[in-house]
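Colleague: There's a structure below that I have some questions on.
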Amino acid sequence: MKNLRLTANIVCWYAVICTGVVTIFAGMIIPNAERAKYFDNLIGDSP
Amino acid sequence: MFYAGGAAERAIGQAAPWFVMGVMLFSFAVRSVYMESCSMFVRGGVYVVVHDSMGPVAAKFSVSALVFDYILTGPISVVSAGQYIGALLEEIGQLTHQNLHLNINLFAAGFAVLVTIYFWWTNIKGVHESSGKALRIMQITTVMVVILLIWCTITVLVAPHVNSVPMPSASNIHFAPEAQGWLAGTMWIQIPMIMIIIAFGHSLLSMSGFETLAQVYREIAYRR
């Protein structure tokens with residue numbers, strides 16, 4: 001259980017940083033109009 | 001990285017990144033429930049856990065949902081990766097002036113088949129044999145995330161203009177018509193607390209990576 005607890009905390013912080021912070025960065029960096037072009041194509045292979 | 005945020009933004013508007021962050025913080029509570037369940041049903045798996053707590057019918061539904069989830073998310077993830085790699089190869093070909101024309105969808109499908117066979121072959125070897133490779137995948141991913149975070153930070157610091165992300169208040173939530181579901185046109189969709197709960201619900205997709213914990217749970221020893 002000790003290892004599971006440690007891993008669970010790592011996964012949670014990983015998720016906060018990797019998904020949460022990077023999503024906020026995406027909102028700040030990618031221009032609003034440009035993001036909207038990809039709403040129907042979230043994989044982003046072409047605009 | 002844009003996938004979860006993009007899906008949320010399409011549904012609820014530009015305040016979506018804050019809701020994604022909220023879901024990530026909520027994941028700490030999910031972690032606690034997960035760990036409690038794991039400690040109560042060591043080596044049980046979904047079927048045993050749900051069977052003991054909610055009965056055989058719920059257990060069958062749960063396992064069916066899990067199998068359905070695995071069948072869906074595996075191919076979707078690997079086809080997405082194949083499309084990214086195909087697009088990257090084409091761009092590299094253009095940059096190096098090579099006449100490289102790929103059918104990206106066909107490439108992605110072929111890539112998906114190969115990767116699925118590889119992971120099936122690795123998994124049937126056993127837990128201990130495949131753990132090292134699972135760790136290596138996480139290490140490579142972590143390096144990419146660190147590079148991305150450093151790159152993003154530098155971009156935010158040096159870019160002449162960055163967007164401000166609207167705060168996660170009811171006034172900044174703008175639901176797409178398809179995101180309102182059966183509440184469309186009712187007074188409920190105007191109530192701030194309900195709007196925030198719905199917006200939170202549209203951001204839950206970002207928690208999908210939590211299955212990673214199952215990689216560790218499978219290594220817990222049987223009870224003695």
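Residue numbering restarts at 1 for every chain of the structure tokens, chains are lettered A, B, ... in their displayed order, and ligands are numbered from 1 as they appear.
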Env of Val22 of chain A: 10 Å cut, atoms = only C-alpha atoms, seq-sep filter 5 positions within chain, self excluded. Answer as a tab-separated table (two decimals) with N, CA and C atoms, in the first residue's frame.
Modeller:
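Below is the file out.tsv, written as the result:
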chain	number	residue	atom	x	y	z
A	15	ALA	N	-0.87	14.76	-13.05
A	15	ALA	CA	-2.08	15.18	-13.77
A	15	ALA	C	-2.32	16.68	-13.62
A	16	VAL	N	-2.10	17.20	-12.40
A	16	VAL	CA	-2.30	18.64	-12.18
A	16	VAL	C	-1.35	19.44	-13.07
A	17	ILE	N	-0.09	19.01	-13.10
A	17	ILE	CA	0.91	19.77	-13.87
A	17	ILE	C	0.74	19.51	-15.37
A	27	GLY	N	-4.39	27.78	-23.32
A	27	GLY	CA	-5.36	28.88	-23.39
A	27	GLY	C	-4.68	30.24	-23.49
A	28	MET	N	-3.50	30.36	-22.85
A	28	MET	CA	-2.79	31.64	-22.86
A	28	MET	C	-2.01	31.86	-24.16
B	1	MET	N	-2.34	17.24	-25.59
B	1	MET	CA	-2.53	18.11	-24.42
B	1	MET	C	-3.76	19.02	-24.62
B	2	PHE	N	-3.99	19.39	-25.89
B	2	PHE	CA	-5.11	20.29	-26.17
B	2	PHE	C	-6.43	19.52	-26.20
B	5	GLY	N	-8.73	19.91	-22.98
B	5	GLY	CA	-9.06	21.32	-22.87
B	5	GLY	C	-9.90	21.79	-24.04
B	17	PRO	N	-10.09	26.05	-19.29
B	17	PRO	CA	-8.85	25.60	-18.63
B	17	PRO	C	-8.94	25.59	-17.11
B	21	MET	N	-8.43	22.38	-14.61
B	21	MET	CA	-7.58	22.40	-13.42
B	21	MET	C	-8.40	21.97	-12.18
B	145	VAL	N	7.10	16.06	-21.24
B	145	VAL	CA	6.29	17.03	-20.49
B	145	VAL	C	7.18	18.14	-19.93
B	148	LEU	N	8.02	20.44	-22.67
B	148	LEU	CA	6.84	21.24	-23.02
B	148	LEU	C	6.60	22.36	-22.02
B	149	LEU	N	6.74	22.03	-20.71
B	149	LEU	CA	6.51	23.04	-19.68
B	149	LEU	C	7.54	24.16	-19.76
B	152	CYS	N	6.71	26.23	-22.82
B	152	CYS	CA	5.52	27.07	-22.59
B	152	CYS	C	5.88	28.27	-21.71
B	153	THR	N	6.64	28.03	-20.65
B	153	THR	CA	7.01	29.12	-19.73
B	153	THR	C	7.80	30.19	-20.47
Colleague: Per residue of chain B within 7 Å of chain A, record the nearest atom pair and its distance in Å to one decimal, counting only C-alpha atoms, with rows in chain order and ascending residue number, as CSV.
Modeller:
residue,atom,partner,partner_atom,distance
B:Met1,CA,A:Thr19,CA,6.6
B:Phe2,CA,A:Thr23,CA,6.4
B:Tyr3,CA,A:Leu42,CA,5.4
B:Gly5,CA,A:Thr23,CA,5.7
B:Gly6,CA,A:Phe39,CA,6.1
B:Ala7,CA,A:Phe39,CA,6.8
B:Arg10,CA,A:Phe39,CA,6.0
B:Pro17,CA,A:Ile24,CA,5.1
B:Val20,CA,A:Gly20,CA,5.8
B:Met21,CA,A:Gly20,CA,4.3
B:Met24,CA,A:Val16,CA,5.2
B:Leu25,CA,A:Val16,CA,6.7
B:Ser27,CA,A:Cys12,CA,6.6
B:Phe28,CA,A:Cys12,CA,6.2
B:Arg31,CA,A:Ala8,CA,6.3
B:Ser80,CA,A:Ile43,CA,6.5
B:Gln83,CA,A:Asp45,CA,6.7
B:Tyr84,CA,A:Asp45,CA,6.7
B:Ala87,CA,A:Asp45,CA,6.6
B:Val145,CA,A:Cys18,CA,6.6
B:Cys152,CA,A:Phe25,CA,6.5
B:Val156,CA,A:Ile29,CA,6.7
B:Val162,CA,A:Met28,CA,5.3
B:Asn163,CA,A:Met28,CA,4.5
B:Ser164,CA,A:Met28,CA,6.0
B:Val165,CA,A:Gly27,CA,6.3
B:Leu213,CA,A:Ala8,CA,6.5
B:Val216,CA,A:Leu4,CA,6.3
B:Tyr217,CA,A:Leu4,CA,6.6
Colleague: Enumerate the residues of chain B with a DSSP assignment of helix (DSSP H, G or I), computed from the backbone, and present them as a VMD selection string.
Modeller: chain B and resid 2 to 12 16 to 40 45 to 54 56 to 95 104 to 123 127 to 158 170 to 172 177 to 179 181 to 183 188 to 190 192 to 202 204 to 217
Colleague: Fewer than 6 positions away in the same chain doesn't count, so skip those; otherwise give me all residues within 10 Å of Ile12 of chain B, counting only C-alpha atoms, as an mmCIF file with all heavy atoms, in the first residue's frame.
Modeller:
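result.cif was written with the following content:
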data_model
loop_
_atom_site.group_PDB
_atom_site.id
_atom_site.type_symbol
_atom_site.label_atom_id
_atom_site.label_comp_id
_atom_site.auth_asym_id
_atom_site.auth_seq_id
_atom_site.Cartn_x
_atom_site.Cartn_y
_atom_site.Cartn_z
ATOM 1 N N GLY B 6 -9.581 21.294 -25.238
ATOM 2 C CA GLY B 6 -10.334 21.689 -26.429
ATOM 3 C C GLY B 6 -11.768 21.200 -26.376
ATOM 4 O O GLY B 6 -12.702 21.933 -26.729
ATOM 5 N N PHE B 19 -11.616 24.984 -15.335
ATOM 6 C CA PHE B 19 -12.425 23.815 -14.949
ATOM 7 C C PHE B 19 -11.610 22.530 -15.080
ATOM 8 O O PHE B 19 -11.758 21.620 -14.271
ATOM 9 C CB PHE B 19 -13.712 23.758 -15.780
ATOM 10 C CG PHE B 19 -14.721 24.759 -15.342
ATOM 11 C CD1 PHE B 19 -14.812 25.996 -15.958
ATOM 12 C CD2 PHE B 19 -15.593 24.487 -14.287
ATOM 13 C CE1 PHE B 19 -15.728 26.943 -15.536
ATOM 14 C CE2 PHE B 19 -16.521 25.429 -13.863
ATOM 15 C CZ PHE B 19 -16.590 26.661 -14.491
ATOM 16 N N ASN B 172 -18.855 33.776 -17.192
ATOM 17 C CA ASN B 172 -17.880 33.450 -18.251
ATOM 18 C C ASN B 172 -18.141 32.091 -18.886
ATOM 19 O O ASN B 172 -17.342 31.633 -19.693
ATOM 20 C CB ASN B 172 -16.464 33.473 -17.672
ATOM 21 C CG ASN B 172 -16.004 34.883 -17.386
ATOM 22 O OD1 ASN B 172 -16.391 35.819 -18.063
ATOM 23 N ND2 ASN B 172 -15.201 35.041 -16.338
ATOM 24 N N ILE B 173 -19.232 31.430 -18.479
ATOM 25 C CA ILE B 173 -19.547 30.130 -19.079
ATOM 26 C C ILE B 173 -20.547 30.350 -20.218
ATOM 27 O O ILE B 173 -21.608 30.944 -20.015
ATOM 28 C CB ILE B 173 -20.154 29.175 -18.028
ATOM 29 C CG1 ILE B 173 -19.130 28.904 -16.923
ATOM 30 C CG2 ILE B 173 -20.588 27.862 -18.671
ATOM 31 C CD1 ILE B 173 -19.682 28.106 -15.765
ATOM 32 N N HIS B 174 -20.182 29.892 -21.393
ATOM 33 C CA HIS B 174 -21.067 30.010 -22.560
ATOM 34 C C HIS B 174 -21.243 28.619 -23.150
ATOM 35 O O HIS B 174 -20.376 28.131 -23.872
ATOM 36 C CB HIS B 174 -20.467 30.973 -23.584
ATOM 37 C CG HIS B 174 -20.141 32.311 -23.007
ATOM 38 N ND1 HIS B 174 -21.119 33.238 -22.669
ATOM 39 C CD2 HIS B 174 -18.956 32.874 -22.645
ATOM 40 C CE1 HIS B 174 -20.549 34.320 -22.160
ATOM 41 N NE2 HIS B 174 -19.224 34.113 -22.128
ATOM 42 N N PHE B 175 -22.384 27.991 -22.833
ATOM 43 C CA PHE B 175 -22.597 26.620 -23.280
ATOM 44 C C PHE B 175 -22.890 26.554 -24.774
ATOM 45 O O PHE B 175 -23.675 27.352 -25.302
ATOM 46 C CB PHE B 175 -23.795 26.003 -22.544
ATOM 47 C CG PHE B 175 -23.534 25.742 -21.089
ATOM 48 C CD1 PHE B 175 -24.264 26.387 -20.111
ATOM 49 C CD2 PHE B 175 -22.552 24.842 -20.691
ATOM 50 C CE1 PHE B 175 -24.029 26.159 -18.767
ATOM 51 C CE2 PHE B 175 -22.301 24.603 -19.351
ATOM 52 C CZ PHE B 175 -23.044 25.265 -18.384
ATOM 53 N N ALA B 176 -22.266 25.590 -25.437
ATOM 54 C CA ALA B 176 -22.640 25.300 -26.833
ATOM 55 C C ALA B 176 -24.032 24.648 -26.802
ATOM 56 O O ALA B 176 -24.388 24.020 -25.799
ATOM 57 C CB ALA B 176 -21.622 24.345 -27.447
ATOM 58 N N PRO B 177 -24.816 24.805 -27.874
ATOM 59 C CA PRO B 177 -26.182 24.234 -27.867
ATOM 60 C C PRO B 177 -26.193 22.744 -27.514
ATOM 61 O O PRO B 177 -27.030 22.298 -26.724
ATOM 62 C CB PRO B 177 -26.676 24.472 -29.292
ATOM 63 C CG PRO B 177 -25.866 25.618 -29.790
ATOM 64 C CD PRO B 177 -24.538 25.536 -29.122
ATOM 65 N N ALA B 179 -24.146 21.192 -25.713
ATOM 66 C CA ALA B 179 -23.622 20.949 -24.365
ATOM 67 C C ALA B 179 -24.684 21.136 -23.284
ATOM 68 O O ALA B 179 -24.444 20.834 -22.122
ATOM 69 C CB ALA B 179 -22.447 21.886 -24.096
ATOM 70 N N GLN B 180 -25.857 21.639 -23.676
ATOM 71 C CA GLN B 180 -26.888 21.914 -22.677
ATOM 72 C C GLN B 180 -27.768 20.697 -22.400
ATOM 73 O O GLN B 180 -28.490 20.672 -21.405
ATOM 74 C CB GLN B 180 -27.756 23.087 -23.141
ATOM 75 C CG GLN B 180 -26.943 24.354 -23.306
ATOM 76 C CD GLN B 180 -27.771 25.515 -23.809
ATOM 77 O OE1 GLN B 180 -28.995 25.539 -23.652
ATOM 78 N NE2 GLN B 180 -27.127 26.474 -24.429
ATOM 79 N N MET B 195 -24.880 25.823 -13.502
ATOM 80 C CA MET B 195 -23.999 26.072 -14.656
ATOM 81 C C MET B 195 -22.581 25.589 -14.356
ATOM 82 O O MET B 195 -21.927 24.957 -15.200
ATOM 83 C CB MET B 195 -23.962 27.573 -14.979
ATOM 84 C CG MET B 195 -25.248 28.111 -15.552
ATOM 85 S SD MET B 195 -25.194 29.901 -15.709
ATOM 86 C CE MET B 195 -24.112 30.110 -17.110
ATOM 87 N N ILE B 196 -22.121 25.867 -13.143
ATOM 88 C CA ILE B 196 -20.751 25.482 -12.790
ATOM 89 C C ILE B 196 -20.624 23.961 -12.699
ATOM 90 O O ILE B 196 -19.632 23.375 -13.151
ATOM 91 C CB ILE B 196 -20.337 26.183 -11.473
ATOM 92 C CG1 ILE B 196 -20.101 27.664 -11.773
ATOM 93 C CG2 ILE B 196 -19.079 25.546 -10.879
ATOM 94 C CD1 ILE B 196 -19.864 28.529 -10.579
ATOM 95 N N ILE B 198 -22.429 21.776 -14.376
ATOM 96 C CA ILE B 198 -22.449 21.256 -15.757
ATOM 97 C C ILE B 198 -21.092 21.479 -16.430
ATOM 98 O O ILE B 198 -20.545 20.592 -17.098
ATOM 99 C CB ILE B 198 -23.570 21.943 -16.587
ATOM 100 C CG1 ILE B 198 -24.944 21.598 -16.008
ATOM 101 C CG2 ILE B 198 -23.509 21.509 -18.045
ATOM 102 C CD1 ILE B 198 -26.074 22.398 -16.626
ATOM 103 N N ALA B 199 -20.536 22.673 -16.219
ATOM 104 C CA ALA B 199 -19.222 22.975 -16.812
ATOM 105 C C ALA B 199 -18.163 22.010 -16.272
ATOM 106 O O ALA B 199 -17.300 21.527 -17.013
ATOM 107 C CB ALA B 199 -18.835 24.425 -16.500
ATOM 108 N N PHE B 200 -18.250 21.717 -14.981
ATOM 109 C CA PHE B 200 -17.322 20.767 -14.366
ATOM 110 C C PHE B 200 -17.483 19.393 -15.016
ATOM 111 O O PHE B 200 -16.503 18.711 -15.324
ATOM 112 C CB PHE B 200 -17.631 20.693 -12.868
ATOM 113 C CG PHE B 200 -16.568 20.026 -12.053
ATOM 114 C CD1 PHE B 200 -15.431 20.722 -11.675
ATOM 115 C CD2 PHE B 200 -16.709 18.712 -11.649
ATOM 116 C CE1 PHE B 200 -14.444 20.110 -10.917
ATOM 117 C CE2 PHE B 200 -15.731 18.097 -10.900
ATOM 118 C CZ PHE B 200 -14.597 18.791 -10.529
ATOM 119 N N HIS B 202 -18.491 18.740 -18.032
ATOM 120 C CA HIS B 202 -17.928 18.732 -19.383
ATOM 121 C C HIS B 202 -16.402 18.669 -19.367
ATOM 122 O O HIS B 202 -15.785 18.429 -20.410
ATOM 123 C CB HIS B 202 -18.387 19.974 -20.154
ATOM 124 C CG HIS B 202 -19.774 19.836 -20.711
ATOM 125 N ND1 HIS B 202 -20.096 18.915 -21.664
ATOM 126 C CD2 HIS B 202 -20.917 20.498 -20.424
ATOM 127 C CE1 HIS B 202 -21.384 19.010 -21.953
ATOM 128 N NE2 HIS B 202 -21.904 19.966 -21.214
ATOM 129 N N SER B 203 -15.797 18.907 -18.218
ATOM 130 C CA SER B 203 -14.331 18.886 -18.127
ATOM 131 C C SER B 203 -13.800 17.570 -17.577
ATOM 132 O O SER B 203 -12.588 17.386 -17.488
ATOM 133 C CB SER B 203 -13.855 20.036 -17.219
ATOM 134 O OG SER B 203 -14.435 21.253 -17.633
#
Colleague: Just how far from atom CA of Met144 of chain B is atom CA of Gly132 of chain B, in Å to one decimal?
Modeller: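 Taking atom CA of Gly132 of chain B as the start and atom CA of Met144 of chain B as the end point, the length is 18.7 Å.
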Colleague: Residues at most 9 Å from His101 of chain B, counting only C-alpha atoms, excluding those fewer than 3 positions away in the same chain, as a PDB file with C-alpha atoms, in the first residue's frame?
Modeller:
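Listed below is the output, around.pdb:
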ATOM      1  CA  GLU B  90       5.160  14.625 -43.888  1.00  0.00           C
ATOM      2  CA  GLY B  93       9.687  15.473 -45.687  1.00  0.00           C
ATOM      3  CA  ILE B 104      -2.012   9.582 -43.028  1.00  0.00           C
TER       4      ILE B 104
END
Colleague: Just how far from atom CA of Gly126 of chain B is atom CA of Ser77 of chain B, in Å to one decimal?
Modeller: 22.8 Å
